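Dumped query-v2.cif below, it's mmCIF, C-alpha atoms:
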data_target
#
loop_
_atom_site.label_atom_id
_atom_site.label_comp_id
_atom_site.auth_asym_id
_atom_site.auth_seq_id
_atom_site.Cartn_x
_atom_site.Cartn_y
_atom_site.Cartn_z
CA MET A 1 -86.47 -43.41 -1.02
CA GLY A 2 -85.87 -46.42 -3.23
CA THR A 3 -82.95 -47.24 -5.46
CA SER A 4 -83.23 -46.75 -9.21
CA ILE A 5 -82.09 -48.12 -12.54
CA CYS A 6 -81.35 -44.48 -13.41
CA PRO A 7 -78.53 -42.49 -11.76
CA GLY A 8 -80.20 -40.33 -9.15
CA GLY A 9 -83.57 -41.48 -10.44
CA MET A 10 -83.22 -39.60 -13.72
CA CYS A 11 -82.18 -41.25 -17.00
CA GLY A 12 -81.26 -39.11 -19.99
CA SER A 13 -80.99 -35.83 -18.10
CA ALA A 14 -79.14 -34.34 -21.09
CA GLY A 15 -82.57 -34.17 -22.70
CA LEU A 16 -83.50 -31.54 -20.11
CA THR A 17 -80.89 -29.07 -21.36
CA PRO A 18 -83.49 -26.54 -22.65
CA LEU A 19 -85.03 -26.47 -19.17
CA PHE A 20 -81.66 -26.23 -17.45
CA GLU A 21 -80.58 -23.35 -19.68
CA ALA A 22 -83.78 -21.46 -18.89
CA LEU A 23 -83.41 -22.07 -15.15
CA ALA A 24 -79.76 -20.97 -15.22
CA ALA A 25 -80.70 -17.78 -17.04
CA THR A 26 -83.41 -17.15 -14.44
CA GLU A 27 -80.96 -17.70 -11.58
CA ALA A 28 -78.50 -15.31 -13.22
CA GLY A 29 -81.17 -12.63 -13.57
CA GLU A 30 -80.94 -12.75 -17.37
CA ARG A 31 -84.40 -14.18 -18.10
CA LYS A 32 -87.36 -11.86 -17.66
CA THR A 33 -90.19 -14.24 -18.59
CA PRO A 34 -91.47 -17.34 -16.76
CA VAL A 35 -90.04 -20.80 -17.30
CA LEU A 36 -93.27 -22.56 -18.29
CA ILE A 37 -93.67 -26.24 -17.41
CA LEU A 38 -96.74 -28.20 -18.48
CA GLN A 39 -97.69 -31.57 -17.03
CA ALA A 40 -100.28 -33.93 -18.51
CA GLY A 41 -101.36 -37.09 -16.78
CA ASP A 42 -103.94 -39.20 -14.99
CA SER A 43 -105.32 -39.04 -11.44
CA HIS A 44 -101.83 -38.62 -9.96
CA THR A 45 -101.66 -35.33 -11.87
CA ALA A 46 -105.32 -34.42 -11.41
CA GLY A 47 -104.87 -34.52 -7.64
CA GLY A 48 -102.38 -31.68 -7.93
CA LYS A 49 -100.37 -32.66 -4.86
CA ILE A 50 -97.39 -34.37 -6.50
CA SER A 51 -96.99 -31.67 -9.14
CA GLY A 52 -97.81 -29.10 -6.46
CA LYS A 53 -94.79 -30.21 -4.43
CA LEU A 54 -92.59 -29.99 -7.53
CA ARG A 55 -93.96 -26.53 -8.30
CA ALA A 56 -93.36 -25.30 -4.76
CA ARG A 57 -89.77 -26.54 -4.70
CA LEU A 58 -88.92 -25.01 -8.08
CA GLN A 59 -90.59 -21.70 -7.23
CA MET A 60 -88.83 -21.57 -3.88
CA ARG A 61 -85.51 -21.59 -5.72
CA PHE A 62 -86.23 -19.78 -8.98
CA GLY A 63 -89.21 -17.52 -8.22
CA TYR A 64 -92.92 -17.67 -8.89
CA GLY A 65 -93.15 -16.79 -12.58
CA ALA A 66 -96.18 -14.54 -12.03
CA MET A 67 -97.18 -11.88 -9.57
CA LEU A 68 -100.26 -10.03 -8.44
CA THR A 69 -100.34 -6.32 -7.70
CA ALA A 70 -103.10 -3.99 -6.56
CA ASP A 71 -103.14 -2.43 -10.03
CA ALA A 72 -103.06 -5.73 -11.90
CA PRO A 73 -105.57 -8.26 -10.53
CA GLU A 74 -104.54 -10.76 -13.21
CA PRO A 75 -101.15 -12.54 -13.13
CA ILE A 76 -98.49 -10.81 -15.20
CA ASP A 77 -95.25 -12.24 -16.48
CA ALA A 78 -92.30 -12.19 -14.13
CA PRO A 79 -89.14 -14.27 -13.85
CA GLY A 80 -89.52 -17.65 -12.17
CA VAL A 81 -91.26 -20.97 -12.75
CA ARG A 82 -94.87 -21.49 -13.76
CA LEU A 83 -96.12 -25.11 -13.67
CA ILE A 84 -99.58 -25.90 -15.02
CA GLU A 85 -101.21 -29.33 -14.75
CA ALA A 86 -103.73 -31.00 -17.05
CA GLY A 87 -104.83 -34.19 -15.30
CA GLU A 88 -107.88 -36.41 -15.58
CA VAL A 89 -108.97 -39.41 -13.53
CA GLY A 90 -108.67 -42.56 -15.63
CA ALA A 91 -106.63 -40.86 -18.34
CA THR A 92 -104.42 -42.90 -20.66
CA LEU A 93 -101.86 -42.01 -23.27
CA THR A 94 -104.40 -42.97 -25.93
CA GLY A 95 -106.86 -40.48 -24.50
CA PHE A 96 -104.20 -37.78 -24.35
CA ALA A 97 -103.54 -38.26 -28.06
CA THR A 98 -107.19 -37.41 -28.71
CA GLY A 99 -107.21 -34.38 -26.42
CA LYS A 100 -108.17 -35.78 -22.99
CA PRO A 101 -106.73 -34.21 -20.97
CA ALA A 102 -105.72 -31.33 -23.22
CA LEU A 103 -102.64 -29.25 -22.49
CA PRO A 104 -103.57 -25.60 -21.89
CA SER A 105 -102.61 -22.95 -24.40
CA ALA A 106 -100.44 -20.99 -22.01
CA GLY A 107 -97.52 -19.93 -24.17
CA SER A 108 -94.39 -21.79 -25.14
CA ALA A 109 -93.51 -24.54 -22.68
CA VAL A 110 -89.85 -25.07 -21.87
CA LEU A 111 -90.67 -28.52 -20.48
CA THR A 112 -93.60 -30.87 -20.91
CA ILE A 113 -93.99 -33.69 -18.40
CA LEU A 114 -95.87 -36.82 -19.51
CA ALA A 115 -97.25 -38.62 -16.46
CA PHE A 116 -99.26 -41.49 -17.91
CA GLY A 117 -98.93 -45.25 -17.64
CA THR A 118 -100.90 -46.51 -14.65
CA ASN A 119 -104.24 -46.89 -16.42
CA ASP A 120 -102.52 -48.10 -19.58
CA GLY A 121 -100.79 -50.79 -17.50
CA PHE A 122 -104.08 -51.92 -15.94
CA ASP A 123 -105.50 -52.54 -19.43
CA ASP A 124 -105.22 -56.28 -20.06
CA GLY A 125 -105.82 -55.66 -23.75
CA LEU A 126 -102.91 -53.24 -24.13
CA ASP A 127 -100.96 -53.64 -27.38
CA PRO A 128 -97.34 -52.72 -26.58
CA VAL A 129 -96.56 -52.02 -30.23
CA VAL A 130 -99.44 -49.56 -30.53
CA PHE A 131 -98.55 -47.97 -27.18
CA GLU A 132 -94.94 -47.49 -28.24
CA ALA A 133 -95.88 -45.92 -31.57
CA LEU A 134 -98.28 -43.58 -29.80
CA LEU A 135 -95.68 -42.56 -27.22
CA ARG A 136 -93.09 -41.87 -29.91
CA ASN A 137 -95.53 -39.73 -31.83
CA GLN A 138 -96.50 -37.70 -28.78
CA VAL A 139 -92.90 -37.09 -27.72
CA GLU A 140 -91.87 -36.03 -31.22
CA GLY A 141 -94.79 -33.61 -31.40
CA LEU A 142 -94.10 -32.04 -28.02
CA ARG A 143 -90.43 -31.36 -28.65
CA LYS A 144 -90.71 -30.09 -32.21
CA ASP A 145 -90.03 -26.51 -31.11
CA GLY A 146 -86.95 -27.40 -29.10
CA ALA A 147 -88.75 -27.92 -25.79
CA ALA A 148 -87.66 -30.58 -23.32
CA VAL A 149 -89.80 -33.62 -22.52
CA LEU A 150 -89.73 -35.63 -19.30
CA ILE A 151 -91.51 -38.99 -19.13
CA LEU A 152 -92.50 -40.07 -15.64
CA GLY A 153 -92.28 -43.85 -15.70
CA ALA A 154 -95.37 -45.66 -14.45
CA PRO A 155 -95.28 -46.05 -10.66
CA ASP A 156 -95.77 -49.29 -8.78
CA ALA A 157 -99.46 -50.15 -8.31
CA LEU A 158 -101.29 -53.33 -7.37
CA ARG A 159 -104.49 -55.02 -8.51
CA THR A 160 -106.67 -56.57 -5.79
CA GLY A 161 -107.75 -60.18 -6.15
CA SER A 162 -104.52 -61.68 -7.44
CA GLY A 163 -103.87 -64.94 -5.64
CA GLY A 164 -100.22 -65.47 -4.77
CA GLY A 165 -99.53 -61.79 -5.14
CA CYS A 166 -96.59 -59.89 -3.70
CA SER A 167 -98.57 -58.01 -1.05
CA ALA A 168 -98.38 -58.87 2.63
CA ASP A 169 -101.78 -60.60 2.44
CA GLY A 170 -100.92 -62.33 -0.85
CA LEU A 171 -104.04 -60.94 -2.52
CA ARG A 172 -102.54 -58.10 -4.56
CA ALA A 173 -100.07 -58.02 -7.42
CA PRO A 174 -99.10 -55.59 -10.17
CA PRO A 175 -100.88 -56.14 -13.49
CA ALA A 176 -98.45 -57.67 -15.99
CA ASN A 177 -98.77 -54.83 -18.48
CA LEU A 178 -97.62 -52.21 -15.98
CA ALA A 179 -94.01 -53.43 -16.28
CA VAL A 180 -94.44 -53.55 -20.08
CA VAL A 181 -95.54 -49.91 -20.13
CA ARG A 182 -92.60 -48.92 -17.95
CA ASP A 183 -90.10 -50.71 -20.17
CA VAL A 184 -91.52 -49.07 -23.30
CA GLN A 185 -91.40 -45.63 -21.68
CA ARG A 186 -87.77 -46.03 -20.65
CA ARG A 187 -86.66 -47.39 -24.03
CA VAL A 188 -88.49 -44.76 -26.06
CA ALA A 189 -87.05 -42.00 -23.87
CA ALA A 190 -83.52 -43.34 -24.41
CA GLU A 191 -83.95 -43.74 -28.16
CA LEU A 192 -85.49 -40.30 -28.66
CA GLY A 193 -83.09 -38.52 -26.31
CA VAL A 194 -85.60 -37.31 -23.74
CA ALA A 195 -85.51 -37.68 -19.97
CA PHE A 196 -87.10 -40.53 -18.01
CA TRP A 197 -87.77 -40.50 -14.26
CA ASP A 198 -87.86 -43.92 -12.58
CA TRP A 199 -90.94 -43.41 -10.43
CA HIS A 200 -91.25 -47.16 -9.75
CA GLY A 201 -87.69 -47.42 -8.44
CA ARG A 202 -87.80 -44.23 -6.42
CA MET A 203 -90.90 -45.33 -4.52
CA GLY A 204 -89.21 -48.63 -3.64
CA GLY A 205 -89.59 -50.98 -6.61
CA ASP A 206 -91.79 -54.04 -6.88
CA CYS A 207 -94.69 -54.17 -4.41
CA SER A 208 -93.64 -50.88 -2.82
CA ALA A 209 -97.28 -49.73 -3.14
CA ASP A 210 -98.18 -52.34 -0.51
CA ARG A 211 -95.29 -51.45 1.80
CA LEU A 212 -96.13 -47.75 1.56
CA ALA A 213 -99.79 -48.46 2.34
CA LEU A 214 -98.85 -50.42 5.47
CA ARG A 215 -96.70 -47.70 7.02
CA ALA A 216 -97.83 -46.31 10.39
CA ASP A 217 -98.44 -43.08 8.45
CA PRO A 218 -99.56 -44.54 5.09
CA PHE A 219 -98.13 -43.06 1.91
CA MET A 220 -100.50 -45.09 -0.30
CA ARG A 221 -104.24 -45.49 -0.02
CA GLY A 222 -105.84 -48.87 0.57
CA ASP A 223 -106.30 -49.43 -3.16
CA ARG A 224 -102.47 -49.57 -3.56
CA VAL A 225 -102.79 -47.30 -6.59
CA HIS A 226 -103.24 -43.77 -5.29
CA PHE A 227 -101.06 -41.81 -2.88
CA THR A 228 -102.28 -40.29 0.35
CA ALA A 229 -101.71 -36.55 0.82
CA ALA A 230 -98.57 -37.33 2.84
CA GLY A 231 -97.39 -39.80 0.23
CA ALA A 232 -97.96 -37.37 -2.63
CA ASP A 233 -95.98 -34.73 -0.78
CA TRP A 234 -93.17 -37.23 -0.23
CA ILE A 235 -92.91 -38.57 -3.78
CA GLY A 236 -93.31 -35.07 -5.22
CA GLY A 237 -90.35 -34.07 -3.08
CA VAL A 238 -88.31 -37.02 -4.40
CA LEU A 239 -89.06 -35.94 -7.97
CA ALA A 240 -88.07 -32.36 -7.15
CA ASP A 241 -84.85 -33.51 -5.47
CA ASP A 242 -83.90 -35.63 -8.48
CA LEU A 243 -84.68 -32.90 -10.99
CA LEU A 244 -82.76 -30.25 -9.05
CA ALA A 245 -79.81 -32.62 -8.54
CA ALA A 246 -79.69 -33.20 -12.29
CA TYR A 247 -79.81 -29.44 -12.85
CA ASP A 248 -76.99 -28.79 -10.38
CA ALA A 249 -74.86 -31.51 -11.99
CA TRP A 250 -75.47 -29.98 -15.42
CA LYS A 251 -74.62 -26.52 -14.14
CA ALA A 252 -71.39 -27.75 -12.57
CA SER A 253 -70.45 -29.43 -15.84
CA GLN A 254 -70.70 -26.14 -17.75
CA GLY A 255 -67.74 -24.57 -15.99
CA PRO A 256 -67.33 -20.96 -14.76
CA GLY A 257 -68.63 -18.36 -17.18
CA SER A 258 -70.04 -20.86 -19.65
CA ILE A 259 -73.72 -20.35 -18.74
CA ARG A 260 -75.35 -17.45 -20.53
#

Can you present the structure in this file as structure tokens?
Amino acid sequence: MGTSICPGGMCGSAGLTPLFEALAATEAGERKTPVLILQAGDSHTAGGKISGKLRARLQMRFGYGAMLTADAPEPIDAPGVRLIEAGEVGATLTGFATGKPALPSAGSAVLTILAFGTNDGFDDGLDPVVFEALLRNQVEGLRKDGAAVLILGAPDALRTGSGGGCSADGLRAPPANLAVVRDVQRRVAAELGVAFWDWHGRMGGDCSADRLALRADPFMRGDRVHFTAAGADWIGGVLADDLLAAYDAWKASQGPGSIR
């Protein structure tokens, strides 16, 4: 696990208070409906393995949020966590603003996770000013009903064919706009008071995509953009650890008897 510019990988965890309150109420047996989490993103989300690891860890602690019975073949509401992904290969924040991928209409989300940035960062024609305005607009819209928003900062990824690159063979380097996207995401999150997870730092920082691909049991595929199944399970676990650590710190800060 890499170091991070954010304490424990998570900047602005106070912005997750609506989620933490719902989880605390679930743990205390006071909440009878699911804690709904929606995640929208690109191929990292579409693959379902990173979010799947997060879902499994949250449900292991707080319950499944739905159950099946012999008399009810369809899921019915029950306490716990329900996480639903909307991911699309090649998706960008611009596409999300126009409905691709579209978040499902599955009730009121307590948390929405925005997991874009990789494809935006690979766009050499990216306009940072336009990207920032779009991100601000999306965040404001998602939290208008008091829901929490978590921005997953763009992970490290490398473009093949870059002479003098940072990879072991010198032929791969991150596109310049990927760091721009990441900086905009972190700044907008701080200014709007929502949470930001430092994916880039937690996977090892600059050129970590190459190092993870060269492991004996690779965590990144040969393209240095996508995770292997083992790598997705690992980084999904890091995200879960960081989110749960932030929750436990928040819960400890509330003091005995202050959580309702």

Polymer residues at most 9 Å from Ala46 (chain A), all atoms listed in the file, same-chain spacing of 4 or more positions, as number ranges by chain: A: 40-42, 85-89

Mind pulling up the distance from CA of Arg31 (chain A) to CA of Arg82 (chain A)?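 Computing the Euclidean distance for CA of Arg82 (chain A) and CA of Arg31 (chain A) yields 13.5 Å.
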
Take the PyMOL selection byres ((chain A and resi 21) around 10), apply it to the structure above, and return the hits as a list of chain:residue names.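 Output of the PyMOL selection byres ((chain A and resi 21) around 10): A:Leu16, A:Thr17, A:Pro18, A:Leu19, A:Phe20, A:Ala22, A:Leu23, A:Ala24, A:Ala25, A:Thr26, A:Glu27, A:Val110, A:Tyr247, A:Trp250, A:Lys251, A:Ile259, A:Arg260.
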
Return as a tab-separated table the residues of region 62-174 of chain A lying at most 12 Å from region 186-189 of chain A, together with the closest atom-to-atom pair for each and the distance in Å to one decimal, counting all atoms listed in the file, with rows in chain order and ascending residue number.
residue	atom	partner	partner_atom	distance
A:Leu114	CA	A:Ala189	CA	11.1
A:Gly117	CA	A:Arg186	CA	11.6
A:Pro128	CA	A:Val188	CA	11.9
A:Val129	CA	A:Val188	CA	11.6
A:Phe131	CA	A:Val188	CA	10.6
A:Glu132	CA	A:Val188	CA	7.3
A:Ala133	CA	A:Val188	CA	9.3
A:Leu134	CA	A:Val188	CA	10.5
A:Leu135	CA	A:Val188	CA	7.6
A:Arg136	CA	A:Val188	CA	6.7
A:Asn137	CA	A:Val188	CA	10.4
A:Gln138	CA	A:Val188	CA	11.0
A:Val139	CA	A:Ala189	CA	8.6
A:Glu140	CA	A:Ala189	CA	10.6
A:Ala148	CA	A:Ala189	CA	11.4
A:Val149	CA	A:Ala189	CA	8.9
A:Leu150	CA	A:Ala189	CA	8.3
A:Ile151	CA	A:Ala189	CA	7.2
A:Leu152	CA	A:Arg186	CA	9.1
A:Gly153	CA	A:Arg186	CA	7.0
A:Ala154	CA	A:Arg186	CA	9.8

How close does each residue of region 90-131 of chain A get to region 212-231 of chain A, giving the shortest atom pair and distance in Å to one decimal for every residue with an atom at most 12 Å away, counting all atoms listed in the file, sorted by chain and residue number, as JSON lines?
{"residue": "A:Gly90", "atom": "CA", "partner": "A:His226", "partner_atom": "CA", "distance": 11.7}
{"residue": "A:Gly117", "atom": "CA", "partner": "A:Val225", "partner_atom": "CA", "distance": 11.9}
{"residue": "A:Thr118", "atom": "CA", "partner": "A:Val225", "partner_atom": "CA", "distance": 8.3}
{"residue": "A:Asn119", "atom": "CA", "partner": "A:Val225", "partner_atom": "CA", "distance": 9.9}
{"residue": "A:Gly121", "atom": "CA", "partner": "A:Val225", "partner_atom": "CA", "distance": 11.6}
{"residue": "A:Phe122", "atom": "CA", "partner": "A:Val225", "partner_atom": "CA", "distance": 10.5}

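Minimum atom-to-atom distance to Trp234 (chain A), evaluated using only C-alpha atoms, belongs to A:Gly52 out of A:Gly52, A:Gly63, A:Pro174, A:Pro104.
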
Distance query Ile84 (chain A) at most 9 Å, all atoms listed in the file, self and fewer than 6 positions along chain excluded, as JSON, numbers by chain: {"A": [36, 37, 38, 39, 40, 51, 55, 103, 104, 106]}

Shell around Gly204 (chain A) at 10 Å using only C-alpha atoms, local window under 3 positions removed, as a ChimeraX atom specification: /A:1-4,155-156,199-201,207-209,211-212

What is the distance between CA of Ala232 (chain A) and CA of Ile50 (chain A), in Å to one decimal?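 For CA of Ala232 (chain A) relative to CA of Ile50 (chain A), the distance reads 4.9 Å.
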
For the atom pair CA of Phe62 (chain A) and CA of Asp241 (chain A), what is the interatomic distance in Å to one decimal place? 14.2 Å

Test item: the PyMOL selection byres ((chain A and resi 244-246) around 10) resolved as a ChimeraX atom specification: /A:7-14,16,20,54,57-58,61,238-243,247-252

Excluding same-chain residues fewer than 4 positions from Asn177 (chain A), what lies within 9 Å of it counting all atoms listed in the file, as a ChimeraX atom specification? /A:120-126,128,181-182

Writer output for current selection, C-alpha atoms, as a short mmCIF file (atom, residue, chain, number, x, y, z; two decimals), in the coordinates of the input:
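Result written to selection-v7.cif:
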data_model
loop_
_atom_site.label_atom_id
_atom_site.label_comp_id
_atom_site.auth_asym_id
_atom_site.auth_seq_id
_atom_site.Cartn_x
_atom_site.Cartn_y
_atom_site.Cartn_z
CA ASP A 120 -102.52 -48.10 -19.58
CA GLY A 121 -100.79 -50.79 -17.50
CA PHE A 122 -104.08 -51.92 -15.94
CA ASP A 123 -105.50 -52.54 -19.43
CA ASP A 124 -105.22 -56.28 -20.06
CA GLY A 125 -105.82 -55.66 -23.75
CA LEU A 126 -102.91 -53.24 -24.13
CA PRO A 128 -97.34 -52.72 -26.58
CA VAL A 181 -95.54 -49.91 -20.13
CA ARG A 182 -92.60 -48.92 -17.95
#

Residues picked by the PyMOL selection byres ((chain A and resi 159) around 8) here, as a ChimeraX atom specification? /A:157-158,160-162,172-175,223-224

Using all atoms listed in the file, pick whichever of A:Leu83, A:Ala109, A:Asp169, A:Gly236 has the shortest atom-to-atom distance to Trp197 (chain A).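 The closest residue to Trp197 (chain A) is A:Gly236.
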
Counting all atoms listed in the file, which residue out of A:Arg202, A:Gly237, A:Ala168, A:Thr45 sits closest to Ala91 (chain A)? A:Thr45

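Between Val184 (chain A) and the residues A:Gln254, A:Gly48, A:Gly99, A:Asp127, the shortest atom-to-atom distance, using all atoms listed in the file, involves A:Asp127.
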
Is it possible to get the axis-aligned box enclosing region 26-44 of chain A (all listed atoms, 4 Å extra per side) as JSON, with centre and edge lengths in Å rounded to one decimal?
{"center_x": -91.9, "center_y": -25.5, "center_z": -14.3, "size_x": 34.8, "size_y": 35.3, "size_z": 16.6}

Taking the block above, write region 9-19 of chain A with all heavy atoms as a PDB file, in the first residue's frame.
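out03.pdb was written with the following content:
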ATOM      1  N   GLY A   9      -5.358   8.027   3.345  1.00  0.00           N
ATOM      2  CA  GLY A   9      -5.860   7.910   1.978  1.00  0.00           C
ATOM      3  C   GLY A   9      -7.104   8.715   1.684  1.00  0.00           C
ATOM      4  O   GLY A   9      -7.489   8.855   0.524  1.00  0.00           O
ATOM      5  N   MET A  10      -7.754   9.257   2.726  1.00  0.00           N
ATOM      6  CA  MET A  10      -9.050   9.908   2.553  1.00  0.00           C
ATOM      7  C   MET A  10      -8.981  11.370   2.988  1.00  0.00           C
ATOM      8  O   MET A  10      -8.803  11.661   4.176  1.00  0.00           O
ATOM      9  CB  MET A  10     -10.103   9.177   3.374  1.00  0.00           C
ATOM     10  CG  MET A  10     -11.545   9.556   3.051  1.00  0.00           C
ATOM     11  SD  MET A  10     -12.133   8.870   1.489  1.00  0.00           S
ATOM     12  CE  MET A  10     -12.167   7.099   1.862  1.00  0.00           C
ATOM     13  N   CYS A  11      -9.121  12.289   2.036  1.00  0.00           N
ATOM     14  CA  CYS A  11      -9.216  13.713   2.358  1.00  0.00           C
ATOM     15  C   CYS A  11     -10.691  14.094   2.525  1.00  0.00           C
ATOM     16  O   CYS A  11     -11.556  13.566   1.822  1.00  0.00           O
ATOM     17  CB  CYS A  11      -8.634  14.568   1.233  1.00  0.00           C
ATOM     18  SG  CYS A  11      -6.835  14.585   1.121  1.00  0.00           S
ATOM     19  N   GLY A  12     -10.943  15.019   3.450  1.00  0.00           N
ATOM     20  CA  GLY A  12     -12.304  15.542   3.590  1.00  0.00           C
ATOM     21  C   GLY A  12     -13.313  14.529   4.059  1.00  0.00           C
ATOM     22  O   GLY A  12     -14.483  14.570   3.636  1.00  0.00           O
ATOM     23  N   SER A  13     -12.916  13.639   4.966  1.00  0.00           N
ATOM     24  CA  SER A  13     -13.841  12.586   5.407  1.00  0.00           C
ATOM     25  C   SER A  13     -15.062  13.149   6.134  1.00  0.00           C
ATOM     26  O   SER A  13     -16.085  12.464   6.245  1.00  0.00           O
ATOM     27  CB  SER A  13     -13.124  11.578   6.296  1.00  0.00           C
ATOM     28  OG  SER A  13     -12.547  12.207   7.424  1.00  0.00           O
ATOM     29  N   ALA A  14     -14.992  14.406   6.590  1.00  0.00           N
ATOM     30  CA  ALA A  14     -16.167  15.018   7.219  1.00  0.00           C
ATOM     31  C   ALA A  14     -17.334  15.082   6.239  1.00  0.00           C
ATOM     32  O   ALA A  14     -18.498  15.087   6.647  1.00  0.00           O
ATOM     33  CB  ALA A  14     -15.828  16.418   7.726  1.00  0.00           C
ATOM     34  N   GLY A  15     -17.008  15.126   4.947  1.00  0.00           N
ATOM     35  CA  GLY A  15     -18.061  15.142   3.936  1.00  0.00           C
ATOM     36  C   GLY A  15     -18.832  13.846   3.847  1.00  0.00           C
ATOM     37  O   GLY A  15     -19.869  13.784   3.177  1.00  0.00           O
ATOM     38  N   LEU A  16     -18.337  12.800   4.522  1.00  0.00           N
ATOM     39  CA  LEU A  16     -19.017  11.499   4.515  1.00  0.00           C
ATOM     40  C   LEU A  16     -19.950  11.323   5.716  1.00  0.00           C
ATOM     41  O   LEU A  16     -20.462  10.228   5.940  1.00  0.00           O
ATOM     42  CB  LEU A  16     -17.977  10.379   4.506  1.00  0.00           C
ATOM     43  CG  LEU A  16     -17.091  10.311   3.260  1.00  0.00           C
ATOM     44  CD1 LEU A  16     -15.968   9.291   3.466  1.00  0.00           C
ATOM     45  CD2 LEU A  16     -17.902   9.957   2.026  1.00  0.00           C
ATOM     46  N   THR A  17     -20.171  12.386   6.464  1.00  0.00           N
ATOM     47  CA  THR A  17     -20.995  12.288   7.671  1.00  0.00           C
ATOM     48  C   THR A  17     -22.374  11.672   7.420  1.00  0.00           C
ATOM     49  O   THR A  17     -22.822  10.829   8.217  1.00  0.00           O
ATOM     50  CB  THR A  17     -21.136  13.662   8.342  1.00  0.00           C
ATOM     51  OG1 THR A  17     -19.828  14.104   8.753  1.00  0.00           O
ATOM     52  CG2 THR A  17     -22.035  13.602   9.565  1.00  0.00           C
ATOM     53  N   PRO A  18     -23.095  12.025   6.348  1.00  0.00           N
ATOM     54  CA  PRO A  18     -24.393  11.365   6.115  1.00  0.00           C
ATOM     55  C   PRO A  18     -24.277   9.847   6.000  1.00  0.00           C
ATOM     56  O   PRO A  18     -25.135   9.103   6.500  1.00  0.00           O
ATOM     57  CB  PRO A  18     -24.881  11.990   4.803  1.00  0.00           C
ATOM     58  CG  PRO A  18     -24.213  13.330   4.770  1.00  0.00           C
ATOM     59  CD  PRO A  18     -22.853  13.102   5.365  1.00  0.00           C
ATOM     60  N   LEU A  19     -23.210   9.384   5.351  1.00  0.00           N
ATOM     61  CA  LEU A  19     -22.980   7.939   5.260  1.00  0.00           C
ATOM     62  C   LEU A  19     -22.667   7.364   6.626  1.00  0.00           C
ATOM     63  O   LEU A  19     -23.223   6.331   7.025  1.00  0.00           O
ATOM     64  CB  LEU A  19     -21.824   7.653   4.299  1.00  0.00           C
ATOM     65  CG  LEU A  19     -21.332   6.197   4.284  1.00  0.00           C
ATOM     66  CD1 LEU A  19     -22.384   5.276   3.687  1.00  0.00           C
ATOM     67  CD2 LEU A  19     -20.011   6.079   3.526  1.00  0.00           C
TER      68      LEU A  19
END
